[in-house]
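In what follows, a single structure is set out as structure tokens and then discussed.
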Amino acid sequence: MAASSANLSLLSKPSTASSPPHLLFNLPKTLSANPPPGTSRFKCSAGQTGFFTRLGRLIKEKAKSDVEKVFSGFSKTRENLAVIDELLLYWNLADTDKVLDELEEALLVSDFGPRITIKIVENLREDILSGKLKSGSEIKDALKKCVLELITTRGSKTELQLGFRKPAVVIIVGVNGGGKTTSLGKLAYRLKNEGAKILMAAGDTFRAAASDQLEIWAERTGCEIVVAEKDKAKASSVLSQAVKRGKEQGFDVVLCDTSGRLHTNFSLMEELIACKKAVGKIVPGAPNEILLVLDGTTGLNMLPQAREFNEVVGITGLILTKLDGSARGGCVVSVVDELGIPVKFVGVGEGVEDLQPFDAEAFVNAIFS
């Protein structure tokens, strides 16, 4: 244990830039008698009853006020689906089969997937033929309602579930190039601006530049970070030490990066199990969340990855990245329906604020404007 501790260090990376404006809402109130100039009188603490519950809920509520970001982020998918408006503009009952065939094609092109697409189209067909839907606008509304129900039924827990113990532990996993480290940095930025005290753990010990990249994010967000001082340190050791530090020094949330790995690599997938067990020994019930980062540009090809990661470590939520550069936003619906795992965040741009809490209604309105 002593040798392991010697290979790890806690680097404090105070932000050199001016503090960004607070993104999110009201925080639990802890009065400070003489707060330093320019700081808030209110501070959040994981030890306060219900803080994590409120934090998750408030982050989700913030998504509703960022509709414009989500709307612009799904512009390419929306362009693909714009043909639906044209189809329904002059719709009449005699053209039902033709219209539904073209609607089916539009949904498939946007990666809704065959099973979901057939389910949606057949539901619409049944309602049209039974006389429940009598106009193009009614069909459009029914389409949106159907998609919304698919998402909310199978993936309803879109809020971060951070438990009640301090610190909450979140592990970020995924394949190479999906955007794990960037997503972790953006998540840290969002939580930090909510007032949470964040510690990062550089558990990607395979990629040489990974720790450097995370250190940049730590400096950018004003967070502290635990890194391995020597090469080839075990990821589980780094994460274990970080969670210990988090517990001893009163951090609210420990965000753990991990090495990118192919879902077909058995030994690397086994390492994730070791990481999960290591943090659980320090804080009972940890990790609170295991978030899988998936590249949205891969569309339905992400499903095998998600299934394998879920079988190995039990994924609690998804982060879908790069959706702003993809016309395959329908994969959001397919992934949730296939796996029953909620989408917690979506990446809709390059900016630090562009990792958006997922809101099903905002998503549906963004792709079916």
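Identifiers in the structure tokens: chain A, B, ... in order shown; residue index from 1 per chain; ligand index from 1 in order shown.
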For range 197-204 of chain A, work out the shell of residues within 7 Å, counting only C-alpha atoms and skipping chain neighbours fewer than 4 positions away, then give it as an NGL selection string.
:A and (188 or 192 or 210-211 or 214 or 223-227 or 235 or 238-239 or 242 or 246 or 251-259)
Write the residues you've just listed into a file as a CSV table (one decimal), in the first residue's frame, and include N, CA, C and O atoms for each of them.
chain,number,residue,atom,x,y,z
A,188,ALA,N,-17.5,17.8,-15.2
A,188,ALA,CA,-16.9,18.5,-14.1
A,188,ALA,C,-17.2,20.0,-14.1
A,188,ALA,O,-17.5,20.5,-13.0
A,192,LYS,N,-19.2,21.6,-11.1
A,192,LYS,CA,-18.5,22.6,-10.3
A,192,LYS,C,-19.2,23.9,-10.3
A,192,LYS,O,-19.3,24.6,-9.3
A,210,ALA,N,-3.2,10.9,-21.9
A,210,ALA,CA,-4.5,11.0,-21.2
A,210,ALA,C,-4.4,11.8,-20.0
A,210,ALA,O,-5.3,12.7,-19.7
A,211,SER,N,-3.4,11.6,-19.1
A,211,SER,CA,-3.3,12.3,-17.9
A,211,SER,C,-3.1,13.8,-18.2
A,211,SER,O,-3.6,14.7,-17.5
A,214,LEU,N,-6.3,15.3,-19.1
A,214,LEU,CA,-7.2,15.5,-18.0
A,214,LEU,C,-6.7,16.7,-17.1
A,214,LEU,O,-7.5,17.4,-16.5
A,223,CYS,N,-10.6,22.3,-10.9
A,223,CYS,CA,-10.7,21.1,-10.0
A,223,CYS,C,-9.3,20.6,-9.7
A,223,CYS,O,-8.3,21.0,-10.2
A,224,GLU,N,-9.3,19.7,-8.7
A,224,GLU,CA,-8.1,19.0,-8.3
A,224,GLU,C,-8.1,17.6,-9.0
A,224,GLU,O,-9.2,17.1,-9.4
A,225,ILE,N,-6.9,17.0,-9.1
A,225,ILE,CA,-6.8,15.8,-9.8
A,225,ILE,C,-5.8,14.9,-9.2
A,225,ILE,O,-4.7,15.3,-8.7
A,226,VAL,N,-6.1,13.6,-9.2
A,226,VAL,CA,-5.1,12.5,-8.8
A,226,VAL,C,-4.6,11.8,-10.0
A,226,VAL,O,-5.4,11.4,-10.9
A,227,VAL,N,-3.2,11.8,-10.1
A,227,VAL,CA,-2.6,11.1,-11.3
A,227,VAL,C,-1.6,10.1,-10.8
A,227,VAL,O,-1.1,10.2,-9.7
A,235,ALA,N,-4.9,1.0,-13.0
A,235,ALA,CA,-6.0,2.0,-12.9
A,235,ALA,C,-6.8,1.9,-11.6
A,235,ALA,O,-7.2,2.9,-11.0
A,238,VAL,N,-5.1,3.9,-8.9
A,238,VAL,CA,-5.3,5.3,-9.0
A,238,VAL,C,-6.6,5.7,-8.6
A,238,VAL,O,-6.8,6.7,-7.8
A,239,LEU,N,-7.6,5.0,-9.0
A,239,LEU,CA,-9.0,5.3,-8.6
A,239,LEU,C,-9.2,5.1,-7.1
A,239,LEU,O,-9.9,5.9,-6.5
A,242,ALA,N,-7.7,8.0,-5.3
A,242,ALA,CA,-8.5,9.2,-5.5
A,242,ALA,C,-9.8,9.3,-4.6
A,242,ALA,O,-10.1,10.3,-4.0
A,246,GLY,N,-10.8,11.8,-1.8
A,246,GLY,CA,-12.1,12.5,-1.8
A,246,GLY,C,-12.8,12.3,-0.5
A,246,GLY,O,-13.4,13.3,0.0
A,251,PHE,N,-14.5,16.0,-0.5
A,251,PHE,CA,-14.9,16.3,-1.9
A,251,PHE,C,-16.4,15.8,-2.0
A,251,PHE,O,-16.7,14.8,-1.4
A,252,ASP,N,-17.2,16.4,-2.9
A,252,ASP,CA,-18.5,16.0,-3.1
A,252,ASP,C,-18.6,14.9,-4.1
A,252,ASP,O,-19.4,13.9,-4.0
A,253,VAL,N,-17.9,15.0,-5.2
A,253,VAL,CA,-17.9,14.1,-6.3
A,253,VAL,C,-16.5,13.8,-6.8
A,253,VAL,O,-15.7,14.7,-7.0
A,254,VAL,N,-16.2,12.5,-7.0
A,254,VAL,CA,-15.0,12.0,-7.6
A,254,VAL,C,-15.3,11.5,-9.0
A,254,VAL,O,-16.1,10.6,-9.1
A,255,LEU,N,-14.8,12.1,-10.0
A,255,LEU,CA,-15.0,11.7,-11.4
A,255,LEU,C,-13.8,10.9,-11.9
A,255,LEU,O,-12.7,11.4,-11.9
A,256,CYS,N,-14.0,9.7,-12.3
A,256,CYS,CA,-13.0,8.8,-12.6
A,256,CYS,C,-12.9,8.5,-14.1
A,256,CYS,O,-13.8,7.9,-14.7
A,257,ASP,N,-11.8,8.8,-14.7
A,257,ASP,CA,-11.5,8.5,-16.1
A,257,ASP,C,-10.9,7.1,-16.2
A,257,ASP,O,-10.3,6.6,-15.2
A,258,THR,N,-11.2,6.4,-17.3
A,258,THR,CA,-10.6,5.1,-17.5
A,258,THR,C,-10.0,5.0,-18.9
A,258,THR,O,-10.3,5.8,-19.8
A,259,SER,N,-9.2,4.0,-19.1
A,259,SER,CA,-8.6,3.8,-20.4
A,259,SER,C,-9.7,3.3,-21.4
A,259,SER,O,-10.6,2.5,-21.1
From a backbone DSSP assignment, name each residue in range 127-265 of chain A labelled helix (DSSP H, G or I), as JSON, numbers by chain.
{"A": [127, 128, 129, 136, 137, 138, 139, 140, 141, 142, 143, 144, 145, 146, 147, 148, 149, 150, 151, 152, 153, 154, 180, 181, 182, 183, 184, 185, 186, 187, 188, 189, 190, 191, 192, 193, 210, 211, 212, 213, 214, 215, 216, 217, 218, 219, 220, 221, 235, 236, 237, 238, 239, 240, 241, 242, 243, 244, 245, 246, 247, 248]}
Identify, with DSSP run on backbone atoms, the residues in range 205-364 of chain A assigned to strand (DSSP E or B), and express the list as a ChimeraX atom specification.
/A:224-228,253-258,289-295,317-321,343-347,355-357
Take the residues from that selection and write them out as a compact mmCIF listing (two decimals), in the first residue's frame, keeping N, CA and C atoms.
# COMPACT_ATOMS: atom_id res chain seq x y z
N GLU A 224 -9.32 19.68 -8.69
CA GLU A 224 -8.10 18.98 -8.33
C GLU A 224 -8.10 17.61 -9.00
N ILE A 225 -6.89 17.03 -9.10
CA ILE A 225 -6.78 15.78 -9.84
C ILE A 225 -5.76 14.86 -9.21
N VAL A 226 -6.05 13.57 -9.21
CA VAL A 226 -5.10 12.54 -8.78
C VAL A 226 -4.58 11.83 -10.02
N VAL A 227 -3.23 11.78 -10.14
CA VAL A 227 -2.62 11.13 -11.29
C VAL A 227 -1.59 10.12 -10.81
N ALA A 228 -1.24 9.17 -11.67
CA ALA A 228 -0.16 8.22 -11.37
C ALA A 228 1.16 8.88 -11.72
N VAL A 253 -17.86 15.03 -5.20
CA VAL A 253 -17.93 14.07 -6.30
C VAL A 253 -16.52 13.75 -6.79
N VAL A 254 -16.24 12.46 -6.99
CA VAL A 254 -15.00 12.02 -7.62
C VAL A 254 -15.35 11.50 -9.01
N LEU A 255 -14.80 12.14 -10.04
CA LEU A 255 -15.02 11.73 -11.43
C LEU A 255 -13.82 10.93 -11.91
N CYS A 256 -14.04 9.68 -12.29
CA CYS A 256 -12.95 8.75 -12.61
C CYS A 256 -12.87 8.48 -14.11
N ASP A 257 -11.76 8.84 -14.71
CA ASP A 257 -11.50 8.50 -16.11
C ASP A 257 -10.94 7.09 -16.17
N THR A 258 -11.15 6.40 -17.29
CA THR A 258 -10.58 5.07 -17.48
C THR A 258 -10.02 4.98 -18.89
N GLU A 289 -22.50 5.93 -10.20
CA GLU A 289 -22.84 5.90 -11.63
C GLU A 289 -21.66 5.32 -12.41
N ILE A 290 -21.97 4.47 -13.39
CA ILE A 290 -20.98 4.07 -14.39
C ILE A 290 -21.55 4.51 -15.73
N LEU A 291 -20.97 5.56 -16.28
CA LEU A 291 -21.48 6.17 -17.49
C LEU A 291 -20.67 5.72 -18.71
N LEU A 292 -21.35 5.17 -19.68
CA LEU A 292 -20.72 4.72 -20.92
C LEU A 292 -20.82 5.81 -21.96
N VAL A 293 -19.65 6.22 -22.49
CA VAL A 293 -19.60 7.24 -23.54
C VAL A 293 -19.64 6.55 -24.90
N LEU A 294 -20.60 6.94 -25.73
CA LEU A 294 -20.77 6.35 -27.06
C LEU A 294 -20.71 7.45 -28.11
N ASP A 295 -20.00 7.16 -29.18
CA ASP A 295 -19.85 8.10 -30.30
C ASP A 295 -21.11 8.07 -31.15
N GLY A 317 -25.89 4.58 -17.07
CA GLY A 317 -26.33 5.69 -17.91
C GLY A 317 -25.42 5.86 -19.10
N LEU A 318 -25.91 6.56 -20.11
CA LEU A 318 -25.17 6.76 -21.35
C LEU A 318 -24.89 8.25 -21.58
N ILE A 319 -23.71 8.51 -22.15
CA ILE A 319 -23.38 9.83 -22.67
C ILE A 319 -23.16 9.66 -24.17
N LEU A 320 -24.00 10.26 -24.98
CA LEU A 320 -23.87 10.17 -26.44
C LEU A 320 -23.20 11.43 -26.94
N THR A 321 -22.03 11.27 -27.56
CA THR A 321 -21.23 12.41 -28.01
C THR A 321 -21.32 12.61 -29.52
N VAL A 343 -30.29 7.60 -21.29
CA VAL A 343 -29.30 8.58 -21.74
C VAL A 343 -29.30 9.70 -20.71
N LYS A 344 -28.12 10.02 -20.17
CA LYS A 344 -28.02 11.06 -19.14
C LYS A 344 -27.53 12.39 -19.72
N PHE A 345 -26.63 12.31 -20.71
CA PHE A 345 -26.11 13.53 -21.33
C PHE A 345 -25.91 13.29 -22.81
N VAL A 346 -26.01 14.37 -23.59
CA VAL A 346 -25.71 14.31 -25.02
C VAL A 346 -24.74 15.43 -25.37
N GLY A 347 -23.78 15.09 -26.22
CA GLY A 347 -22.82 16.09 -26.69
C GLY A 347 -23.33 16.71 -27.98
N LEU A 355 -22.12 19.78 -23.35
CA LEU A 355 -22.56 18.48 -22.85
C LEU A 355 -23.86 18.74 -22.11
N GLN A 356 -24.97 18.41 -22.76
CA GLN A 356 -26.28 18.80 -22.25
C GLN A 356 -26.97 17.67 -21.51
N PRO A 357 -27.57 17.95 -20.36
CA PRO A 357 -28.41 16.94 -19.70
C PRO A 357 -29.51 16.52 -20.67
Straight-line distance linking CA of Val313 in chain A with CA of Gly299 in chain A, stated in Å to one decimal
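Distance reported for this atom pair: 22.4 Å.
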List the neighbours of Arg125 in chain A out to 12 Å using only C-alpha atoms; skip same-chain residues closer than 4 positions along the sequence, and give me the result as a PyMOL selection string.
chain A and resi 93+95-101+103-104+118-121+129-134+139+142-143
At most 12 Å is the cut-off: for each residue in range 303-356 of chain A with any atom that close to an atom of range 105-112 of chain A, write down the nearest atom pair and the distance in Å rounded to one decimal, counting only C-alpha atoms, chain first then increasing number, as a Markdown table.
| residue | atom | partner | partner_atom | distance |
| --- | --- | --- | --- | --- |
| A:Leu303 | CA | A:Asp111 | CA | 11.6 |
| A:Leu323 | CA | A:Ser110 | CA | 11.6 |
| A:Ser326 | CA | A:Ser110 | CA | 9.1 |
| A:Ala327 | CA | A:Ser110 | CA | 6.0 |
| A:Arg328 | CA | A:Ser110 | CA | 4.4 |
| A:Gly329 | CA | A:Ser110 | CA | 6.2 |
| A:Gly330 | CA | A:Phe112 | CA | 4.3 |
| A:Cys331 | CA | A:Asp111 | CA | 5.1 |
| A:Val332 | CA | A:Phe112 | CA | 7.8 |
| A:Val333 | CA | A:Phe112 | CA | 6.4 |
| A:Ser334 | CA | A:Phe112 | CA | 5.6 |
| A:Val335 | CA | A:Phe112 | CA | 9.0 |
| A:Val336 | CA | A:Phe112 | CA | 10.8 |
| A:Asp337 | CA | A:Phe112 | CA | 10.1 |
| A:Glu338 | CA | A:Phe112 | CA | 11.0 |
Limited to C-alpha atoms, could you put the picked residues into a file as a PDB file, in the first residue's frame?
ATOM      1  CA  LEU A 303     -25.227  -1.220 -29.698  1.00  0.00           C
ATOM      2  CA  LEU A 323     -24.424  14.159 -32.198  1.00  0.00           C
ATOM      3  CA  SER A 326     -24.292  13.325 -37.145  1.00  0.00           C
ATOM      4  CA  ALA A 327     -27.592  12.885 -38.951  1.00  0.00           C
ATOM      5  CA  ARG A 328     -28.169   9.673 -36.999  1.00  0.00           C
ATOM      6  CA  GLY A 329     -29.865  11.063 -33.907  1.00  0.00           C
ATOM      7  CA  GLY A 330     -32.481   8.330 -34.064  1.00  0.00           C
ATOM      8  CA  CYS A 331     -29.890   6.041 -32.469  1.00  0.00           C
ATOM      9  CA  VAL A 332     -30.798   7.687 -29.150  1.00  0.00           C
ATOM     10  CA  VAL A 333     -34.221   6.032 -29.319  1.00  0.00           C
ATOM     11  CA  SER A 334     -32.810   2.688 -30.460  1.00  0.00           C
ATOM     12  CA  VAL A 335     -30.183   2.481 -27.712  1.00  0.00           C
ATOM     13  CA  VAL A 336     -32.662   3.292 -24.947  1.00  0.00           C
ATOM     14  CA  ASP A 337     -35.261   0.859 -26.268  1.00  0.00           C
ATOM     15  CA  GLU A 338     -32.804  -1.969 -26.904  1.00  0.00           C
TER      16      GLU A 338
END
Would you write out, as a Markdown table, a table of all residues in range 121-166 of chain A that have an atom no more than 10 Å from an atom of range 66-90 of chain A, listing for each the closest atom pair and the distance in Å to one decimal, considering only C-alpha atoms and ordering rows by chain and rising residue number?
| residue | atom | partner | partner_atom | distance |
| --- | --- | --- | --- | --- |
| A:Ser135 | CA | A:Leu88 | CA | 8.0 |
| A:Gly136 | CA | A:Leu88 | CA | 4.5 |
| A:Ser137 | CA | A:Leu88 | CA | 7.2 |
| A:Glu138 | CA | A:Leu88 | CA | 9.5 |
| A:Ile139 | CA | A:Leu88 | CA | 7.7 |
| A:Lys140 | CA | A:Leu88 | CA | 7.6 |
Glu353 in chain A environment, 9 Å, only C-alpha atoms, sequence neighbours closer than 2 positions dropped, as an MDAnalysis selection string
chainID A and resid 23 186:187 189:190 349:351 355:356
Write out the residues from the selection above, keeping N, CA, C and O atoms, as a compact mmCIF listing (two decimals), in the first residue's frame.
# COMPACT_ATOMS: atom_id res chain seq x y z
N LEU A 23 -24.10 28.20 -14.06
CA LEU A 23 -25.03 27.68 -15.05
C LEU A 23 -26.36 27.28 -14.44
O LEU A 23 -27.38 27.33 -15.09
N LYS A 186 -16.17 18.17 -19.22
CA LYS A 186 -17.38 19.00 -19.35
C LYS A 186 -18.37 18.73 -18.22
O LYS A 186 -19.06 19.64 -17.75
N LEU A 187 -18.43 17.47 -17.77
CA LEU A 187 -19.29 17.13 -16.65
C LEU A 187 -18.77 17.80 -15.37
O LEU A 187 -19.55 18.31 -14.56
N TYR A 189 -17.12 20.56 -15.22
CA TYR A 189 -17.43 21.99 -15.36
C TYR A 189 -18.88 22.27 -14.92
O TYR A 189 -19.15 23.22 -14.18
N ARG A 190 -19.78 21.41 -15.35
CA ARG A 190 -21.19 21.61 -15.03
C ARG A 190 -21.44 21.42 -13.53
O ARG A 190 -22.14 22.22 -12.90
N GLY A 349 -22.00 19.76 -29.34
CA GLY A 349 -21.10 20.83 -29.78
C GLY A 349 -19.74 20.69 -29.14
O GLY A 349 -19.50 19.83 -28.29
N GLU A 350 -18.82 21.58 -29.55
CA GLU A 350 -17.45 21.53 -29.07
C GLU A 350 -17.24 22.32 -27.78
O GLU A 350 -16.23 22.15 -27.09
N GLY A 351 -18.15 23.23 -27.45
CA GLY A 351 -17.97 24.11 -26.31
C GLY A 351 -18.07 23.39 -24.99
O GLY A 351 -18.63 22.29 -24.88
N LEU A 355 -22.12 19.78 -23.35
CA LEU A 355 -22.56 18.48 -22.85
C LEU A 355 -23.86 18.74 -22.11
O LEU A 355 -23.87 19.26 -20.99
N GLN A 356 -24.97 18.41 -22.76
CA GLN A 356 -26.28 18.80 -22.25
C GLN A 356 -26.97 17.67 -21.51
O GLN A 356 -26.96 16.52 -21.98
List the spatial neighbours of Leu268 in chain A as a list in words - criterion: any atom at most 12 Å away, only C-alpha atoms, same-chain residues fewer than 2 positions off excluded.
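Listing them by chain and then by number gives Val173, Gly174, Val175, Asp204, Thr205, Phe206, Lys234, Ala235, Ser236, Thr258, Ser259, Gly260, Arg261, Leu262, His263, Thr264, Asn265, Phe266, Glu270, Glu271, Leu272, Ile273, Ala274, Cys275, Phe309, Val312 and Val313 of chain A.
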Would you mind exporting the chosen residues as an mmCIF file, in the first residue's frame, restricted to C-alpha atoms?
data_model
loop_
_atom_site.group_PDB
_atom_site.id
_atom_site.type_symbol
_atom_site.label_atom_id
_atom_site.label_comp_id
_atom_site.auth_asym_id
_atom_site.auth_seq_id
_atom_site.Cartn_x
_atom_site.Cartn_y
_atom_site.Cartn_z
ATOM 1 C CA VAL A 173 -15.986 4.131 -19.547
ATOM 2 C CA GLY A 174 -15.988 3.563 -23.296
ATOM 3 C CA VAL A 175 -13.973 2.654 -26.376
ATOM 4 C CA ASP A 204 -6.461 6.131 -18.118
ATOM 5 C CA THR A 205 -3.004 4.701 -17.472
ATOM 6 C CA PHE A 206 -2.515 3.202 -20.946
ATOM 7 C CA LYS A 234 -2.832 0.058 -12.176
ATOM 8 C CA ALA A 235 -5.988 2.000 -12.929
ATOM 9 C CA SER A 236 -7.701 0.466 -9.888
ATOM 10 C CA THR A 258 -10.582 5.068 -17.483
ATOM 11 C CA SER A 259 -8.620 3.756 -20.440
ATOM 12 C CA GLY A 260 -10.408 3.369 -23.743
ATOM 13 C CA ARG A 261 -10.836 -0.269 -24.608
ATOM 14 C CA LEU A 262 -12.464 -2.389 -27.255
ATOM 15 C CA HIS A 263 -15.461 -4.216 -25.883
ATOM 16 C CA THR A 264 -13.982 -7.403 -27.358
ATOM 17 C CA ASN A 265 -10.761 -7.175 -25.272
ATOM 18 C CA PHE A 266 -11.429 -9.490 -22.336
ATOM 19 C CA GLU A 270 -11.767 -7.335 -16.585
ATOM 20 C CA GLU A 271 -9.766 -4.313 -15.431
ATOM 21 C CA LEU A 272 -12.998 -2.337 -15.211
ATOM 22 C CA ILE A 273 -14.328 -4.912 -12.761
ATOM 23 C CA ALA A 274 -11.214 -4.355 -10.619
ATOM 24 C CA CYS A 275 -11.778 -0.584 -10.739
ATOM 25 C CA PHE A 309 -19.944 -3.013 -21.341
ATOM 26 C CA VAL A 312 -19.328 -6.685 -17.656
ATOM 27 C CA VAL A 313 -19.778 -3.757 -15.264
#
For the atom pair CA of Ala196 in chain A and CA of Asn310 in chain A, what is the interatomic distance in Å to one decimal place?
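These atoms are spaced 28.1 Å apart.
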Go ahead and compute the interatomic distance for CA of Lys144 in chain A and CA of Lys157 in chain A, in Å to one decimal.
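A separation of 20.0 Å between them.
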Minimum-distance residue to Val279 in chain A, chosen among A:Thr158, A:Ser267, A:Asn176, A:Ser240 (using only C-alpha atoms):
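Of the candidates, the smallest distance to Val279 in chain A is held by A:Ser240.
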Nearest candidate to Gly185 in chain A (options A:Arg220, A:Lys247, A:Arg207, A:Lys232; using only C-alpha atoms):
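Result for the nearest residue to Gly185 in chain A: A:Arg220.
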